[in-house]
Each structure stands twice: as structure tokens, then as C-alpha cells.
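Take a look at the structure set out below.
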Amino acid sequence: MEASIGNLSNLKSRLLSARELDGIPAAPWDLLSANALMENPFYARAYVRSGLSTLDAGNRISAFAVWFNERKLVGLFPFRTFFGTACGAHNIYQFSGAPLVHREHAEDVVRAWLLEIGAGRLPGCWQLPDLQLDGRLHDLICRVARQLGLSLAVFNTYSRPQLTRLQGGFEAHLTEVLGKSRRKELERCIRRLREKGELRLERATKPDAVRSALEAFLALENAGWKGKAGTAFLAHRDDAGFARAAFTSDGNGCGTIIDTLLLGDRPIAISVNITSGSTLFTPKCTYSEPLRSFAPGLVLEYLVIQRFYSEGDFARMDAATTADGHVIQGLWNESVPMGTLYVGSATETAIAVGFARAKAALKPRAKWLRDYFRAA
């Protein structure tokens, strides 16, 4: 499908197959990612293509793409249709469903997309999971959807931690965010670890260093409870392949950055991070479980916060969490409201939200049955 959209004469849209999505040239996709109204590294070219060749192969991934003057990619909405609903963020390692919308063409792109939904040329309801609910993209989608008479709903709301710099620096952060008791606890853990050997933080940014640090992360994660539960990357060939393809560096500080806490030469906590503009997203972390009493994961976060204040490489860090109650909420100073946004026709949106509510109600029972059979 290729068509001009209503009176938006400079825009043309296409519905892309997985093969066509994979074949979008690097330059326009990368330019769109760098200029997106809402940053989303999980829809960056390397990350999406890594999924298409591993986890998402055969999953009928599609994308709605919008071009300006037939050359400039200004909108990209990857999705997979599930019971008639277009679902964004199509694998379990994508922690934002915010479509890529060029900031200079944002209103026209969103209007073009919603017009296609209203006209029946796209699925009648779209689900955008893990979308920031007080962000400019969310507000724009809601405003234009109401103008066009489409229905909106929000489900599965939670808060996502973010880290920004307080005016008083690292010391102010320790006082105002961590508090006296948490600070003393973490500093005690640092002292106890240093009694066992040299403790240092290393940040890998260059391609070879990132590859080496990623292999250390995969091994450390697999040695812990995730390995035993079969949820570590190394537990499944496609998951491991995805990680090795997605978490890479371009050598210029873009892509993946990996922070490692070393005790001597031994990694005891590792955080895998992805850059997007001035924001550093932190989607994956692991730690040495035999050293649990020394809280190596929290010590790593403490040192990363210290570096965040001293280095100034990024303006913000995003925890990339997908539920309330993450331990990092007690270490970082801000949070943003997140949730799943549904937009579409009244009937199909109501059906999609009803299905989501039923699935959420059944989830605790499904977890109980899974744990029961594992134990048996």
C-alpha cells in the first residue's frame, strides 16, 4: 500500500512487510531516530533489525511508514496484529512502544496515521505499550484523535524512574534522594567489598570493549536465578543471538554502553545501557548472587550516579522499567507516568481494552500454575 494522505500532499505512507522494514536504508532511519519527538532506542534501526533476524522472525511484523517528499522518513510505527489490534513493541526486550515521529513533522505524521486508522486502511485499534503519559507525543496523539472522533483509553499504568541532576550535585542527591540510612548502608557495602580487593567501575564504549563486556554480562546473568529459571539470554539461542546483535557500539559513544563493577578482575555487577540523544536508557542489569549480602547491584548504581554527576555525558537516565516497585526508585530522583495507550474506533478499542483487562485478571493464576508445574 502506498498513498498520499488526505490533504497532507507532501506526505506518502506505506504499509511495510518485515522484509521491507528490514530493508529501509540506514541514513533515513537513523536520521528519524535522532530527531524523534519521543526518544525510543528500542525502535532504532539496529535494535529492530536484530529482532527481525532472531526473536521476531516469522512473527509477521509490519510497519506503517510515512515519508516527506518521498525521500525523508518522518514516521515509523512498527507493529504486529494480535486479534485485530495493532500491537507496538513487538518483543519482550523492547521497553517502549513510542513510534518514531519526526519532531518537525509531528502533527502531520500523527494525523496521517490516525486518518488511515479511521478510514479502515490500518487496524481499527492500536496499542502503544510503555508510553510516557505526560510526554509531547502522548499529548499530540490524544489531541488529534479527539479531533478525528477516535476513542482513547489507557491501561496498565505505572511510574518509571528517571535520573536528572539536582542543582547541589552528587552530595545533594545523596542527602535529598537516598537519605542518611540508605547512604550509610551503601557506603558500608563499598567498604566491605574493598576489604576483599580492588573495587572499580569500568565503562565500555568502544566496539571490542562492548562485545567483551556483553559476554561477561551474559555469563553472569546465566549463572544466577534467571539461568535457573530459563529466562536468561543464554537460555535460548534466539535470545542470545538478539542480545549479541542488538547491544553493539558504533565506536563513537552511540548505541550500547556497558558499566561493569569489578572486584579485582572479577565482574560482580553489570548494567547494559543504550544511548538515545541526550538520554541513557538502562534496560538490563545483573549481579553476582553469591555476593548478595554486599549489594553489588546497588553499589554499581551508586557509582553510576556519582559518575553521572561528574562526567556530564548525558542529561538524563531512563530506567526502562515496565512496572512499579523497582528497587532503583529509591536511588533516582524523578519518575514519569507510563502506561499503555489505546487509540482507534470506539468498538475495537473497547474490545482491545476488555481483552487486556481479562488477560491481567488471569495473569496471577497463570503464574501460580506455571510455578506449580515447575516445582512438580
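All residue names refer to the C-alpha cells as shown: chains lettered A, B, ... in order, residues numbered from 1 in each chain, ligands numbered from 1 in order.
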Pick out the residues sitting within 8 Å of Ile268 in chain A, and hand them over as a count of residues only; count only C-alpha atoms, and ignore anything fewer than 5 positions along from it in its own chain.
-> 10
Would you list the contacts of Ala89 in chain A as a compact mmCIF listing (two decimals) with N, CA and C atoms, in the first residue's frame, taking every protein, DNA or RNA residue within 8 Å and counting only C-alpha atoms, but skipping same-chain residues closer than 4 positions in sequence?
# COMPACT_ATOMS: atom_id res chain seq x y z
N PHE A 42 14.60 1.59 21.37
CA PHE A 42 14.14 0.24 21.08
C PHE A 42 13.49 0.14 19.71
N PRO A 78 6.25 0.47 13.92
CA PRO A 78 6.31 -1.00 13.84
C PRO A 78 5.19 -1.63 14.67
N PHE A 79 4.66 -2.77 14.19
CA PHE A 79 3.58 -3.41 14.94
C PHE A 79 3.42 -4.86 14.49
N GLN A 94 11.80 -4.93 24.17
CA GLN A 94 11.52 -3.56 23.74
C GLN A 94 10.67 -2.91 24.82
N PHE A 95 11.24 -1.90 25.47
CA PHE A 95 10.64 -1.35 26.67
C PHE A 95 9.98 0.00 26.44
N SER A 96 9.68 0.28 25.18
CA SER A 96 8.90 1.46 24.83
C SER A 96 8.20 1.19 23.51
N GLY A 97 6.91 1.51 23.46
CA GLY A 97 6.14 1.36 22.23
C GLY A 97 5.90 2.68 21.55
N LEU A 128 -0.21 1.06 22.17
CA LEU A 128 1.16 1.57 22.31
C LEU A 128 1.59 1.35 23.75
N PRO A 129 2.30 0.27 24.04
CA PRO A 129 2.68 -0.03 25.42
C PRO A 129 3.86 0.83 25.88
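What separates CA of Met317 in chain A from CA of Phe281 in chain A is a distance of 5.7 Å.
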Name the residues of range 109-291 of chain A that fall into alpha helix (DSSP H) according to DSSP on the backbone, using the chain letters and numbers of this document, as number ranges by chain.
-> A: 109-118, 136-147, 169-173, 179-196, 207-222, 225-229, 237-246
Show which residues sit within 6 Å of range 146-151 of chain A, as a PyMOL selection string. Count only C-alpha atoms, and ignore same-chain residues fewer than 6 positions away.
-> chain A and resi 343-346
Just the selected residues (N, CA and C atoms), exported as a PDB file, in the first residue's frame, please.
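Saved as again.pdb:
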ATOM      1  N   VAL A 343      -5.811   3.552  20.942  1.00  0.00           N
ATOM      2  CA  VAL A 343      -6.463   4.559  20.116  1.00  0.00           C
ATOM      3  C   VAL A 343      -7.072   3.869  18.902  1.00  0.00           C
ATOM      4  N   GLY A 344      -8.316   4.245  18.571  1.00  0.00           N
ATOM      5  CA  GLY A 344      -8.969   3.641  17.417  1.00  0.00           C
ATOM      6  C   GLY A 344     -10.459   3.875  17.434  1.00  0.00           C
ATOM      7  N   SER A 345     -11.182   3.054  16.696  1.00  0.00           N
ATOM      8  CA  SER A 345     -12.637   3.156  16.695  1.00  0.00           C
ATOM      9  C   SER A 345     -13.174   2.769  18.067  1.00  0.00           C
ATOM     10  N   ALA A 346     -14.369   3.266  18.383  1.00  0.00           N
ATOM     11  CA  ALA A 346     -14.941   3.020  19.712  1.00  0.00           C
ATOM     12  C   ALA A 346     -15.110   1.532  19.982  1.00  0.00           C
TER      13      ALA A 346
END
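The space between CA of Arg45 in chain A and CA of Leu152 in chain A spans 28.9 Å.
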Determine, using only C-alpha atoms, which residues of range 239-343 of chain A have any atom at most 10 Å from an atom of range 190-193 of chain A, and tabulate each with its shortest atom pair and distance in Å to one decimal place, rows ordered by chain and then rising number, as a Markdown table.
| residue | atom | partner | partner_atom | distance |
| --- | --- | --- | --- | --- |
| A:Leu263 | CA | A:Leu193 | CA | 7.5 |
| A:Leu291 | CA | A:Leu193 | CA | 9.1 |
| A:Phe294 | CA | A:Leu193 | CA | 6.9 |
| A:Ala295 | CA | A:Ile190 | CA | 8.8 |
| A:Pro296 | CA | A:Ile190 | CA | 8.4 |
| A:Leu298 | CA | A:Ile190 | CA | 9.9 |
| A:Val299 | CA | A:Ile190 | CA | 6.7 |
| A:Leu300 | CA | A:Ile190 | CA | 9.6 |
| A:Tyr302 | CA | A:Ile190 | CA | 9.6 |
| A:Leu303 | CA | A:Ile190 | CA | 9.8 |
Filtering to all heavy atoms, could you give me those residues as a tab-separated table (two decimals), in the first residue's frame?
chain	number	residue	atom	x	y	z
A	263	LEU	N	35.52	-6.47	41.03
A	263	LEU	CA	36.23	-6.73	42.28
A	263	LEU	C	37.50	-7.45	41.88
A	263	LEU	O	37.47	-8.64	41.54
A	263	LEU	CB	35.38	-7.58	43.22
A	263	LEU	CG	35.96	-7.85	44.61
A	263	LEU	CD1	36.18	-6.55	45.37
A	263	LEU	CD2	35.04	-8.78	45.40
A	291	LEU	N	27.45	-12.79	46.20
A	291	LEU	CA	27.81	-11.58	46.93
A	291	LEU	C	26.59	-10.73	47.27
A	291	LEU	O	26.72	-9.54	47.56
A	291	LEU	CB	28.80	-10.74	46.10
A	291	LEU	CG	30.18	-11.36	45.86
A	291	LEU	CD1	30.99	-10.52	44.90
A	291	LEU	CD2	30.93	-11.53	47.19
A	294	PHE	N	26.45	-8.11	49.99
A	294	PHE	CA	27.21	-6.87	49.80
A	294	PHE	C	26.51	-5.92	48.82
A	294	PHE	O	27.06	-4.87	48.47
A	294	PHE	CB	28.62	-7.19	49.28
A	294	PHE	CG	29.42	-8.06	50.20
A	294	PHE	CD1	29.47	-9.43	50.03
A	294	PHE	CD2	30.14	-7.49	51.26
A	294	PHE	CE1	30.21	-10.24	50.88
A	294	PHE	CE2	30.89	-8.29	52.11
A	294	PHE	CZ	30.93	-9.66	51.93
A	295	ALA	N	25.33	-6.30	48.33
A	295	ALA	CA	24.52	-5.48	47.43
A	295	ALA	C	25.31	-4.94	46.24
A	295	ALA	O	25.34	-3.73	46.00
A	295	ALA	CB	23.88	-4.32	48.21
A	296	PRO	N	25.98	-5.81	45.48
A	296	PRO	CA	26.82	-5.30	44.37
A	296	PRO	C	26.02	-4.53	43.32
A	296	PRO	O	26.54	-3.58	42.72
A	296	PRO	CB	27.45	-6.57	43.79
A	296	PRO	CG	26.55	-7.68	44.21
A	296	PRO	CD	26.02	-7.28	45.55
A	298	LEU	N	23.37	-2.60	43.81
A	298	LEU	CA	23.11	-1.26	44.31
A	298	LEU	C	24.39	-0.43	44.40
A	298	LEU	O	24.37	0.79	44.18
A	298	LEU	CB	22.45	-1.34	45.68
A	298	LEU	CG	21.04	-1.97	45.71
A	298	LEU	CD1	20.50	-1.99	47.13
A	298	LEU	CD2	20.09	-1.22	44.79
A	299	VAL	N	25.50	-1.09	44.71
A	299	VAL	CA	26.79	-0.38	44.73
A	299	VAL	C	27.11	0.11	43.32
A	299	VAL	O	27.57	1.26	43.14
A	299	VAL	CB	27.91	-1.29	45.26
A	299	VAL	CG1	29.28	-0.66	45.02
A	299	VAL	CG2	27.70	-1.56	46.75
A	300	LEU	N	26.86	-0.72	42.31
A	300	LEU	CA	27.08	-0.29	40.93
A	300	LEU	C	26.23	0.95	40.62
A	300	LEU	O	26.72	1.93	40.05
A	300	LEU	CB	26.74	-1.42	39.96
A	300	LEU	CG	26.74	-1.06	38.47
A	300	LEU	CD1	28.10	-0.58	38.03
A	300	LEU	CD2	26.28	-2.26	37.63
A	302	TYR	N	25.07	3.18	42.69
A	302	TYR	CA	25.62	4.29	43.45
A	302	TYR	C	26.78	4.93	42.69
A	302	TYR	O	26.85	6.16	42.54
A	302	TYR	CB	26.08	3.78	44.82
A	302	TYR	CG	26.72	4.79	45.74
A	302	TYR	CD1	25.97	5.41	46.73
A	302	TYR	CD2	28.07	5.10	45.64
A	302	TYR	CE1	26.55	6.32	47.60
A	302	TYR	CE2	28.67	6.01	46.50
A	302	TYR	CZ	27.90	6.62	47.48
A	302	TYR	OH	28.50	7.52	48.34
A	303	LEU	N	27.69	4.10	42.18
A	303	LEU	CA	28.86	4.62	41.47
A	303	LEU	C	28.47	5.19	40.11
A	303	LEU	O	29.09	6.15	39.63
A	303	LEU	CB	29.90	3.51	41.31
A	303	LEU	CG	30.49	2.98	42.63
A	303	LEU	CD1	31.44	1.82	42.36
A	303	LEU	CD2	31.19	4.08	43.41
Could you pull out the strand (DSSP E or B) residues of range 34-104 of chain A from DSSP and send them as a list in words?
->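 Residues of range 34-104 of chain A classed as strand (DSSP E or B): Ala36, Ser62, Ala63, Phe64, Ala65, Val66, Trp67, Phe68, Lys72, Leu73, Val74, Gly75, Leu76, Phe77, Pro78, Phe79, Arg80, Thr81, Phe82, Thr85, Ala86, Cys87, Leu100, Val101 and His102 of chain A.
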Who sits within 6 Å of range 327-336 of chain A, only C-alpha atoms, same chain under 4 positions skipped, as a ChimeraX atom specification = /A:159-163,177-178
Could you state the separation of CA of Ala232 in chain A and CA of Lys206 in chain A in Å, given to one decimal place?
->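 Computing it gives 24.5 Å between the two atoms.
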Looking at only C-alpha atoms, which of A:Ser50, A:Ser33, A:Thr322, A:Thr157 is the one that sits closest to Thr282 in chain A?
->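 The closest residue to Thr282 in chain A is A:Thr322.
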Can you list, as a PyMOL selection string, every protein, DNA or RNA residue that comes within 10 Å of Arg194 in chain A when you count only C-alpha atoms, leaving out same-chain residues fewer than 6 positions away?
-> chain A and resi 188+200+263-264
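Counting only C-alpha atoms and comparing A:Cys254, A:Leu21, A:Ile270, A:Cys87, the residue that lies closest to Ala34 in chain A is A:Cys254.
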Residues within 7 Å of Ala18 in chain A, only C-alpha atoms, excluding chain neighbours under 5 positions, as number ranges by chain | A: 60-62
Selection to disk with all heavy atoms, as a PDB file, in the first residue's frame:
ATOM      1  N   ARG A  60       5.352 -12.095  11.666  1.00  0.00           N
ATOM      2  CA  ARG A  60       4.512 -11.204  10.854  1.00  0.00           C
ATOM      3  C   ARG A  60       4.574  -9.756  11.326  1.00  0.00           C
ATOM      4  O   ARG A  60       3.556  -9.092  11.496  1.00  0.00           O
ATOM      5  CB  ARG A  60       3.059 -11.696  10.833  1.00  0.00           C
ATOM      6  CG  ARG A  60       2.904 -13.074  10.204  1.00  0.00           C
ATOM      7  CD  ARG A  60       1.459 -13.500  10.125  1.00  0.00           C
ATOM      8  NE  ARG A  60       1.341 -14.811   9.507  1.00  0.00           N
ATOM      9  CZ  ARG A  60       0.185 -15.451   9.326  1.00  0.00           C
ATOM     10  NH1 ARG A  60      -0.944 -14.890   9.715  1.00  0.00           N
ATOM     11  NH2 ARG A  60       0.156 -16.641   8.751  1.00  0.00           N
ATOM     12  N   ILE A  61       5.777  -9.297  11.550  1.00  0.00           N
ATOM     13  CA  ILE A  61       5.982  -7.902  11.915  1.00  0.00           C
ATOM     14  C   ILE A  61       5.713  -7.030  10.690  1.00  0.00           C
ATOM     15  O   ILE A  61       6.105  -7.362   9.574  1.00  0.00           O
ATOM     16  CB  ILE A  61       7.423  -7.680  12.413  1.00  0.00           C
ATOM     17  CG1 ILE A  61       7.724  -8.606  13.602  1.00  0.00           C
ATOM     18  CG2 ILE A  61       7.651  -6.221  12.787  1.00  0.00           C
ATOM     19  CD1 ILE A  61       6.796  -8.437  14.777  1.00  0.00           C
ATOM     20  N   SER A  62       5.043  -5.917  10.905  1.00  0.00           N
ATOM     21  CA  SER A  62       4.781  -4.942   9.853  1.00  0.00           C
ATOM     22  C   SER A  62       5.197  -3.570  10.372  1.00  0.00           C
ATOM     23  O   SER A  62       5.578  -3.418  11.525  1.00  0.00           O
ATOM     24  CB  SER A  62       3.299  -4.930   9.477  1.00  0.00           C
ATOM     25  OG  SER A  62       2.849  -6.214   9.089  1.00  0.00           O
TER      26      SER A  62
END
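Summary of the local environment: counting only C-alpha atoms, residues at most 8 Å from range 135-137 of chain A, other than itself and those fewer than 5 positions away along its chain, are Leu37, Met38 and Ala98 of chain A.
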Restricting the output to all heavy atoms, write the selected residues as a short mmCIF file (atom, residue, chain, number, x, y, z; two decimals), in the first residue's frame.
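Once written, out-v5.cif looks like this:
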data_model
loop_
_atom_site.label_atom_id
_atom_site.label_comp_id
_atom_site.auth_asym_id
_atom_site.auth_seq_id
_atom_site.Cartn_x
_atom_site.Cartn_y
_atom_site.Cartn_z
N LEU A 37 10.31 12.90 18.14
CA LEU A 37 9.65 13.71 19.16
C LEU A 37 9.79 13.05 20.53
O LEU A 37 10.00 13.73 21.53
CB LEU A 37 8.17 13.89 18.79
CG LEU A 37 7.32 14.77 19.71
CD1 LEU A 37 7.80 16.21 19.68
CD2 LEU A 37 5.85 14.69 19.31
N MET A 38 9.66 11.73 20.58
CA MET A 38 9.86 10.96 21.80
C MET A 38 10.98 9.97 21.56
O MET A 38 10.87 9.11 20.68
CB MET A 38 8.58 10.22 22.20
CG MET A 38 8.71 9.33 23.42
SD MET A 38 9.07 10.24 24.95
CE MET A 38 7.53 11.13 25.18
N ALA A 98 6.68 3.71 21.88
CA ALA A 98 6.51 5.03 21.27
C ALA A 98 6.97 4.99 19.82
O ALA A 98 8.14 4.75 19.54
CB ALA A 98 7.30 6.09 22.04
#
Using only C-alpha atoms, find the one residue out of A:Ser276, A:Thr347, A:Thr205, A:Thr286 that sits nearest to Lys226 in chain A.
->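 For Lys226 in chain A, the nearest of the given residues is A:Thr286.
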Choose the residue, out of A:Cys142, A:Ala153, A:Val272, A:Cys285, that has the smallest atom-to-atom separation from Gly224 in chain A; count only C-alpha atoms.
->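 For Gly224 in chain A, the nearest of the given residues is A:Cys285.
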Of the candidates A:Thr85, A:Arg211, A:Arg165, A:Ala243, which one gets nearest to Asp313 in chain A if we count only C-alpha atoms?
->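 Of all the options, A:Arg165 lies closest to Asp313 in chain A.
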